[in-house]
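These notes concern the structure reproduced below.
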Amino acid sequence: MSRAARRRRRVPRGECGGGPEAARGALGRRARSGRGGRCKRGRGGGGVGRCAGLLVDDRAPDAQVRRVGRRLSGDAPGAPRRRRIHCLVRERRKHRRRPRPSGRRGLRTRPRADRRRGAVGPLSIVVVPARDEQEQIEGCLKALAAQTVPPGTFETMLVLDACIDATERVATDTAAALGLAVTLLPGPGRGAGAARRAGMDAAAARLLALGRDRGLIACTDADSRPAPDWLARQLDHVQGGAQAIAGLIELDPRELAQLPDPVLRRRERDAVTRLASIREHDADAAHHHFAGASMAVTAGVYRGVGGLEPVAALEDARFAARLAGHGIPILRASDVRVRTSARTAGRAGRGLAVDLEVSTWAQRRRYRAADFSVSQLSAGKGSASVTVVIPVKECAATLEGVLSRTVEPLARHGLIDELVVVDAASEDDTAAVAAAGGARVIQQDDVLAQYGPALGKGDAMWRALHATSGEVVCFLDGDTSNPDPGHLLGLLGPLLSYPALQLVKGAFDRPLRTPGLDLPNEGGRVTELMARPLLNLHEPRLAGFAQPLAGEFAGRRELLESLSFPVGYGVEIAVLIDALHECGLDALAECQLGTRQNRHQPLRALGQMAFAVLAAVEQRAGDGRGVLGGQYMQPWDDFGVVQVPVGERPAVAGVREGAPAPPARCR
């Protein structure tokens with residue numbers, strides 16, 4: 001018997017045509033044209049209407065089709081099964097595969113798209129990080145769907161970074177309606193940088209798996225709209241040898257029109273300065289941008305430089321520095337264009353939105369005391385009650401002038417409802433001077449006595465807040481040597497004129513005056529050496545405040561009573577930071593009050609003040625674990641250690657008179 005006869009047997013002729021067995025014979029095979037009703041001799045056909053070359057498993061009572069699309073061996077019942085690899089294993093070849101296996105009929109035989117050799121797949125992948133962008137993501141995806149590159153040559157990876165709105169649903173529905181290939185990736189929830197890193201890592205892995213070292217990873221943002229030829233232009237540049245590409249960022253003209261003219265002029269000025277700096281080492285740069293809204297790099301280069309640093313913000317600037325460190329030039333092309341939002345409420349802690357927000361705030365919420373008059377405030381005060389609090393210690397020489405020249409002119413017109421001087425057990429005549437000036441004098445340790453002795457200026461202010469009742473509370477320093485009614489007028493004016501404001505900080509010109517020396521703008525050393533760098537680093541939205549440590553500020557009681565108060569010199573910057581987080585930047589203001597001259601501390605004494613400021617910021621910038629206590633070593637004093645008060649009192653709103661008091665503690 002021939003080898004073919006030993007391995008299979010034909011279905012009897014009478015069973016051909018139309019029966020269930022014939023239908024089974026067609027499974028997994030291409031239908032063939034031809035006349036039905038007859039079976040050809042030799043190899044059986046698999047077409048509909050012809051005799052099916054059905055292989056019958058003798059071990060089953062009924063004919064069955066096993067392993068659809070492949071031939072079956074005709075092993076005798078009970079015989080051991082032979083190993084099969086892709087196709088029929090011939091008995092006389094010792095279980096070895098045929099040298100040239102034939103293709104399986106009716107199945108695709110070309111290489112898979114994800115194989116490295118002969119691969120087909122995207123030439124580029126667009127990465128879009130998004131956090132709560134349900135209002136913006138549809139426009140971004142529509143712009144990507146309108147790209148002029150051939151369909152199927154790019155994919156989109158959308159990184160959903162801890163979204164709590166409907167971004168995912170909007171993106172899914174939009175992509176389905178547009179026929180856009182979008183992959184949704186979960187973000188780590190640690191900011192734009194970490195989300196962008198997750199997307200770019202995934203894009204690089206996808207392209208490199210396809211063998212596309214020069215495949216393009218193109219980034220944009222959810223609030224951006226790439227031009228129709230955005231991808232095509234970048235791919236052309238890659239063909240021309242570019243490895244990293246920065247697109248030209250244009251702001252949405254409708255949103256741009258809503259920004260104040262000084263903000264636009266400042267932005268244009270900064271652009272000229274930055275472009276001049278870039279052209280010092282890249283003379284062909286068409287613009288100064290390298291931003292996440294239009295930033296692209298080839299997959300091989302991305303992997304070669306170690307990827308994007310997952311910082312919370314400004315990851316694009318860090319990536320540009322990393323590329324430069326590896327000698328990768330950035331092509332700043334004018335024909336790669338993206339239009340992005342000019343909104344002032346962004347999702348990242350830094351970047352374009354923050355820059356525009358601060359610039360807009362500086363234009364809207366910075367005032368001058370001369371902008372307000374006593375008669376104007378008297379007319380606008382209405383039923384609001386105003387409390388003035390002056391914490392003092394050994395200020396008899398200056399307090400009288402503060403009371404008579406700063407407070408009394410406004411009190412005569414009914415603008416001050418409550419005047420309180422909080423004394424820190426001064427040994428001079430401070431308390432007597434305060435009483436003679438019409439103030440109610442309280443000793444700081446007598447208020448909320450269950451909390452023990454007051455530990456510093458912030459503690460005194462916190463206790464005064466508990467001991468007073470005005471709806472608007474204004475704090476003044478008692479050691480000012482050149483008092484002026486404008487100091488109080490400038491603090492109350494914005495609050496009484498603009499109900500949306502919650503906190504107003506004072507700002508002064510601070511000269512440094514000593515016998516025989518008068519240096520303008522040389523005062524405020526702790527501000528310039530500690531407070532301002534910290535705000536630029538941790539709270540850039542507050543970097544526009546000229547005097548963040550000013551002891552003169554005013555706020556609405558509801559806000560102040562909701563905040564914790566550091567007991568020492570960190571109170572001013574802490575209240576400013578907490579008010580920002582509670583109300584937003586547009587609810588805060590700063591007013592230029594003129595020139596202020598107060599007592600200057602020795603340089604070494606400023607170290608303790610700076611330490612308290614640093615501790616207050618660190619407790620708000622991180623988890624607070626870095627603030628372990630107030631021990632401050634002074635090497636010049638035989639390595640003596642002093643204790644700087646860095647604890648904090650809880651919000652007054654949660655404190656009840658007579659209730660057990662916890663000790664002042666770090667947050």
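Ordering of the structure tokens sets the chain letters (A, B, ...); residue numbers start at 1 within each chain; ligands are numbered from 1 in the order shown.
For Ala546 in chain A, the list of residues within 9 Å, based on only C-alpha atoms and with local chain neighbours fewer than 5 positions off taken out, reads Gly506, Ala507, Phe508, Thr527, Arg532 and Glu590 of chain A.
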How would the residues just picked look written out with N, CA and C atoms as a PDB file, in the first residue's frame?
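Ended up saving to again10.pdb:
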```
ATOM      1  N   GLY A 506       1.885  93.534  52.593  1.00  0.00           N
ATOM      2  CA  GLY A 506       2.516  94.819  52.378  1.00  0.00           C
ATOM      3  C   GLY A 506       3.879  94.667  51.724  1.00  0.00           C
ATOM      4  N   ALA A 507       4.301  95.674  50.991  1.00  0.00           N
ATOM      5  CA  ALA A 507       5.624  95.691  50.364  1.00  0.00           C
ATOM      6  C   ALA A 507       6.218  97.078  50.555  1.00  0.00           C
ATOM      7  N   PHE A 508       7.507  97.113  50.848  1.00  0.00           N
ATOM      8  CA  PHE A 508       8.199  98.359  51.119  1.00  0.00           C
ATOM      9  C   PHE A 508       9.497  98.420  50.337  1.00  0.00           C
ATOM     10  N   THR A 527      14.956  87.900  53.283  1.00  0.00           N
ATOM     11  CA  THR A 527      14.068  87.742  52.124  1.00  0.00           C
ATOM     12  C   THR A 527      14.852  87.346  50.886  1.00  0.00           C
ATOM     13  N   ARG A 532      13.074  84.271  49.082  1.00  0.00           N
ATOM     14  CA  ARG A 532      12.828  84.330  47.642  1.00  0.00           C
ATOM     15  C   ARG A 532      13.341  83.090  46.916  1.00  0.00           C
ATOM     16  N   GLU A 590      -0.776  92.199  46.779  1.00  0.00           N
ATOM     17  CA  GLU A 590       0.334  92.890  47.434  1.00  0.00           C
ATOM     18  C   GLU A 590       0.193  94.372  47.159  1.00  0.00           C
TER      19      GLU A 590
END
```
Can you check which residues of range 181-345 of chain A DSSP gives as helix (DSSP H, G or I) on the backbone and send them as an MDAnalysis selection string? chainID A and resid 192:209 230:239 253:256 261:278 292:294 299:304 315:325
Counting only C-alpha atoms, give me one row per residue of range 329-422 of chain A with an atom at most 8 Å from an atom of range 438-445 of chain A, showing the shortest contact pair and its distance in Å to one decimal, sorted by chain then residue number, as CSV.
```
residue,atom,partner,partner_atom,distance
A:Leu419,CA,A:Ala439,CA,5.1
A:Val420,CA,A:Arg440,CA,4.8
A:Val421,CA,A:Val441,CA,4.9
A:Val422,CA,A:Ile442,CA,5.1
```
Pick out the residues sitting within 9 Å of Val128 in chain A, and hand them over as a PDB file with N, CA and C atoms, in the first residue's frame; count only C-alpha atoms, and ignore anything fewer than 4 positions along from it in its own chain.
```pdb
ATOM      1  N   CYS A 140      -7.442  68.084  20.839  1.00  0.00           N
ATOM      2  CA  CYS A 140      -6.106  67.546  20.561  1.00  0.00           C
ATOM      3  C   CYS A 140      -6.196  66.321  19.657  1.00  0.00           C
ATOM      4  N   THR A 156      -1.053  56.822  18.582  1.00  0.00           N
ATOM      5  CA  THR A 156      -1.108  57.793  19.673  1.00  0.00           C
ATOM      6  C   THR A 156      -1.174  57.052  20.999  1.00  0.00           C
ATOM      7  N   MET A 157      -0.350  57.480  21.946  1.00  0.00           N
ATOM      8  CA  MET A 157      -0.385  56.948  23.307  1.00  0.00           C
ATOM      9  C   MET A 157      -0.814  58.071  24.243  1.00  0.00           C
ATOM     10  N   LEU A 158      -1.965  57.899  24.854  1.00  0.00           N
ATOM     11  CA  LEU A 158      -2.520  58.889  25.777  1.00  0.00           C
ATOM     12  C   LEU A 158      -2.286  58.396  27.202  1.00  0.00           C
ATOM     13  N   VAL A 159      -1.530  59.153  27.976  1.00  0.00           N
ATOM     14  CA  VAL A 159      -1.209  58.777  29.357  1.00  0.00           C
ATOM     15  C   VAL A 159      -2.194  59.479  30.281  1.00  0.00           C
ATOM     16  N   LEU A 160      -3.085  58.720  30.897  1.00  0.00           N
ATOM     17  CA  LEU A 160      -4.086  59.264  31.813  1.00  0.00           C
ATOM     18  C   LEU A 160      -3.463  59.309  33.208  1.00  0.00           C
ATOM     19  N   ALA A 195       4.485  61.388  33.930  1.00  0.00           N
ATOM     20  CA  ALA A 195       3.512  60.882  32.959  1.00  0.00           C
ATOM     21  C   ALA A 195       4.097  60.868  31.554  1.00  0.00           C
ATOM     22  N   ARG A 196       4.802  61.929  31.195  1.00  0.00           N
ATOM     23  CA  ARG A 196       5.409  61.971  29.864  1.00  0.00           C
ATOM     24  C   ARG A 196       6.473  60.885  29.740  1.00  0.00           C
ATOM     25  N   GLY A 199       4.855  57.534  28.948  1.00  0.00           N
ATOM     26  CA  GLY A 199       4.441  57.425  27.561  1.00  0.00           C
ATOM     27  C   GLY A 199       5.611  57.287  26.603  1.00  0.00           C
ATOM     28  N   ALA A 218       7.032  61.600  19.178  1.00  0.00           N
ATOM     29  CA  ALA A 218       6.628  63.007  19.101  1.00  0.00           C
ATOM     30  C   ALA A 218       5.682  63.328  20.251  1.00  0.00           C
ATOM     31  N   CYS A 219       6.047  64.305  21.061  1.00  0.00           N
ATOM     32  CA  CYS A 219       5.223  64.686  22.211  1.00  0.00           C
ATOM     33  C   CYS A 219       4.412  65.940  21.914  1.00  0.00           C
ATOM     34  N   THR A 220       3.218  65.960  22.454  1.00  0.00           N
ATOM     35  CA  THR A 220       2.433  67.185  22.514  1.00  0.00           C
ATOM     36  C   THR A 220       1.632  67.140  23.811  1.00  0.00           C
ATOM     37  N   ASP A 221       0.812  68.157  24.055  1.00  0.00           N
ATOM     38  CA  ASP A 221       0.036  68.236  25.285  1.00  0.00           C
ATOM     39  C   ASP A 221      -1.450  68.185  24.971  1.00  0.00           C
ATOM     40  N   ALA A 222      -2.224  67.841  25.991  1.00  0.00           N
ATOM     41  CA  ALA A 222      -3.666  67.711  25.791  1.00  0.00           C
ATOM     42  C   ALA A 222      -4.320  69.042  25.441  1.00  0.00           C
ATOM     43  N   ALA A 293       4.857  70.664  24.445  1.00  0.00           N
ATOM     44  CA  ALA A 293       3.796  70.824  23.454  1.00  0.00           C
ATOM     45  C   ALA A 293       4.241  70.399  22.065  1.00  0.00           C
TER      46      ALA A 293
END
```
Computed gap from CA of Arg279 in chain A to CA of Arg322 in chain A is 18.5 Å
